[in-house]
Every structure is written in C-alpha cells, then in structure tokens.
Amino acid sequence: ASASRLNIAVPSRIAAGRPAMAISAPTMDAVPAASAPPAPTIASPAGEAPKAASDRAAGRNSVWTTAGIIVADVVGAGILGMPVAVAKFGWLLGSLVLTAMLAMNVHISVVLWRVRMAYPSARTLGELATATFAEAPAWQRRLIGALTEGPQMLMIFSILGLYLLSAAQGLGMIFYDLRICLPQWAMFAGMLILPFAGTAREM
C-alpha cells in the first residue's frame, strides 16, 4: 500500500459477497453520504395519507378547529335569538333541538373539511362542488357550480342586509333621543362598517 492510501482487510464473514472497502488517509472512500432525516409527519384521519409538519406550518387547521370555526361563523349573531327560541320550546325540547343542530353542524363541517383537503386548489364552495364532479360532463359541472354559488350568494346578501338593519337598530337604541328614521341609521351604519369591510385581509 502507498503512504497516502491505506488498505484495510475486512473479515471474511463480513465481506462475503461484498467488495473490499478502501479508506484513504485524509478521507474515507465508499462511505455513503449522510441522508437528511425525513420530515416529521402528522397523524391524519383513517384512510388518509399522513400530513407533513410543513403543512401545519403553512396554516392548515385540524378537522376540529375548522369545524369549530365554521360552526361559530354559521351561528354568528343568531346566538342572540337562542334564549327566545328556548323559552318558546321549553327546556327539554329546546335542549334536544340545540343538541341535534350542533351535531348536524359539526357533521357538515367535518365533511366540508375533508372535501377541502381532497381538493386544496379550490377556494370557494362552488369550486369545491365543481371539483367533486371532475369526471362528469361539462354541463353537469356548470350546473352544480351554479346551484352551489347561487344560494350561497343569496344567503350572504340576505345576511348582510340583516346585519345592516341590526346595526341600524343598535345605533337607534344608543342615540334614542335623536329623531332619525331607520333608513338613515342604516346609511350611517353602512358608512361605519365600510372601512373595516374594505380593508379586511383575505382569510
């Protein structure tokens, strides 16, 4: 062996069927490069591939967090009407109805979250519905998209009108000594809400 290279004999029981390994003085030959450790994974629901930790860092919520956000968004200001509804139904029937509605909201939220995870490129309910009909004819995709987006837009328009009227009534109750009609209060409420709505960040 030369002075700059040293050959090391490997026992026969280890080197059987394998080429001999040569080790250089300054460096080592035939040493595999260290591989980067795999990215940690996050447990996913049954039947789904595990998610990488980078997905969670990118802002993806868990199924229960998403369900809670959707339920809270659906309830909204309607929580103020629950005492009146429970008073009319009674404690027993009111509790049963609230429990049933909660179960329905959580189930729909979980289904919506699973569809969103299956089609991450979709941004709206219409796009989700169209994506689920990806193998259907084009006219069916357009139809399901219209049937999904049309009622959604109507609901948003109605809810915004209801919120605007609620804000107008609230201003009228606060400034009860001013003789201003409800449409004018609604206009003032819209002027107050518009800057916040126009500068809201995308979620």
# chains A, B, ... in the order shown; residues from 1 in each chain; ligands from 1

$ select_by_dssp --residues "segment 91-190 of chain A" --states "helix (DSSP H, G or I)" --output "mmCIF file with C-alpha atoms, in the first residue's frame"
data_model
loop_
_atom_site.group_PDB
_atom_site.id
_atom_site.type_symbol
_atom_site.label_atom_id
_atom_site.label_comp_id
_atom_site.auth_asym_id
_atom_site.auth_seq_id
_atom_site.Cartn_x
_atom_site.Cartn_y
_atom_site.Cartn_z
ATOM 1 C CA TRP A 91 -86.017 23.441 28.475
ATOM 2 C CA LEU A 92 -86.412 19.824 27.327
ATOM 3 C CA LEU A 93 -87.374 20.339 23.677
ATOM 4 C CA GLY A 94 -85.080 23.348 23.352
ATOM 5 C CA SER A 95 -82.081 21.368 24.628
ATOM 6 C CA LEU A 96 -82.856 18.472 22.257
ATOM 7 C CA VAL A 97 -83.154 20.804 19.269
ATOM 8 C CA LEU A 98 -79.908 22.607 20.120
ATOM 9 C CA THR A 99 -78.065 19.290 20.519
ATOM 10 C CA ALA A 100 -79.403 17.974 17.203
ATOM 11 C CA MET A 101 -78.489 21.175 15.369
ATOM 12 C CA LEU A 102 -74.997 21.110 16.878
ATOM 13 C CA ALA A 103 -74.461 17.529 15.684
ATOM 14 C CA MET A 104 -75.651 18.439 12.184
ATOM 15 C CA ASN A 105 -73.359 21.483 12.017
ATOM 16 C CA VAL A 106 -70.329 19.515 13.195
ATOM 17 C CA HIS A 107 -71.018 16.701 10.710
ATOM 18 C CA ILE A 108 -71.389 19.105 7.787
ATOM 19 C CA SER A 109 -68.247 20.947 8.877
ATOM 20 C CA VAL A 110 -66.218 17.726 9.009
ATOM 21 C CA VAL A 111 -67.444 16.680 5.555
ATOM 22 C CA LEU A 112 -66.607 20.126 4.174
ATOM 23 C CA TRP A 113 -63.113 19.945 5.697
ATOM 24 C CA ARG A 114 -62.468 16.515 4.145
ATOM 25 C CA VAL A 115 -63.555 17.728 0.715
ATOM 26 C CA ARG A 116 -61.339 20.810 1.106
ATOM 27 C CA MET A 117 -58.339 18.615 1.944
ATOM 28 C CA ALA A 118 -59.063 16.416 -1.081
ATOM 29 C CA LEU A 125 -67.857 26.271 -2.292
ATOM 30 C CA GLY A 126 -68.648 26.470 -5.992
ATOM 31 C CA GLU A 127 -65.133 25.362 -6.905
ATOM 32 C CA LEU A 128 -65.343 22.503 -4.388
ATOM 33 C CA ALA A 129 -68.628 21.331 -5.853
ATOM 34 C CA THR A 130 -67.252 21.557 -9.388
ATOM 35 C CA ALA A 131 -64.106 19.660 -8.378
ATOM 36 C CA THR A 132 -66.147 16.765 -6.988
ATOM 37 C CA ALA A 138 -69.160 19.857 -18.637
ATOM 38 C CA TRP A 139 -72.840 20.854 -18.408
ATOM 39 C CA GLN A 140 -73.195 18.982 -15.129
ATOM 40 C CA ARG A 141 -70.150 20.749 -13.683
ATOM 41 C CA ARG A 142 -71.582 24.129 -14.687
ATOM 42 C CA LEU A 143 -74.970 23.199 -13.265
ATOM 43 C CA ILE A 144 -73.644 22.046 -9.888
ATOM 44 C CA GLY A 145 -71.468 25.156 -9.682
ATOM 45 C CA ALA A 146 -74.444 27.428 -10.312
ATOM 46 C CA LEU A 147 -76.657 25.524 -7.851
ATOM 47 C CA THR A 148 -73.964 25.918 -5.192
ATOM 48 C CA GLU A 149 -72.920 29.527 -5.759
ATOM 49 C CA GLY A 150 -76.420 30.927 -6.386
ATOM 50 C CA PRO A 151 -77.937 30.061 -2.972
ATOM 51 C CA GLN A 152 -74.663 30.991 -1.272
ATOM 52 C CA MET A 153 -74.691 34.479 -2.794
ATOM 53 C CA LEU A 154 -78.368 34.908 -1.904
ATOM 54 C CA MET A 155 -77.691 33.861 1.685
ATOM 55 C CA ILE A 156 -74.725 36.241 2.016
ATOM 56 C CA PHE A 157 -76.780 39.118 0.565
ATOM 57 C CA SER A 158 -79.629 38.415 2.993
ATOM 58 C CA ILE A 159 -77.310 38.084 5.990
ATOM 59 C CA LEU A 160 -75.534 41.334 5.159
ATOM 60 C CA GLY A 161 -78.875 43.103 4.946
ATOM 61 C CA LEU A 162 -79.921 41.614 8.275
ATOM 62 C CA TYR A 163 -76.660 42.709 9.915
ATOM 63 C CA LEU A 164 -77.041 46.205 8.481
ATOM 64 C CA LEU A 165 -80.565 46.504 9.895
ATOM 65 C CA SER A 166 -79.373 45.163 13.256
ATOM 66 C CA ALA A 167 -76.584 47.755 13.330
ATOM 67 C CA ALA A 168 -79.064 50.496 12.436
ATOM 68 C CA GLN A 169 -81.410 49.441 15.228
ATOM 69 C CA GLY A 170 -78.484 49.352 17.647
ATOM 70 C CA LEU A 171 -77.484 52.900 16.753
ATOM 71 C CA GLY A 172 -81.092 53.994 17.153
ATOM 72 C CA MET A 173 -81.225 52.465 20.624
ATOM 73 C CA ILE A 174 -77.954 54.076 21.665
ATOM 74 C CA LEU A 182 -84.282 53.610 10.387
ATOM 75 C CA PRO A 183 -83.072 54.016 6.758
ATOM 76 C CA GLN A 184 -80.869 56.934 7.810
ATOM 77 C CA TRP A 185 -79.444 54.927 10.708
ATOM 78 C CA ALA A 186 -78.772 52.099 8.248
ATOM 79 C CA MET A 187 -76.877 54.520 5.994
ATOM 80 C CA PHE A 188 -74.762 55.705 8.935
ATOM 81 C CA ALA A 189 -74.107 52.104 9.997
ATOM 82 C CA GLY A 190 -73.004 51.231 6.465
#
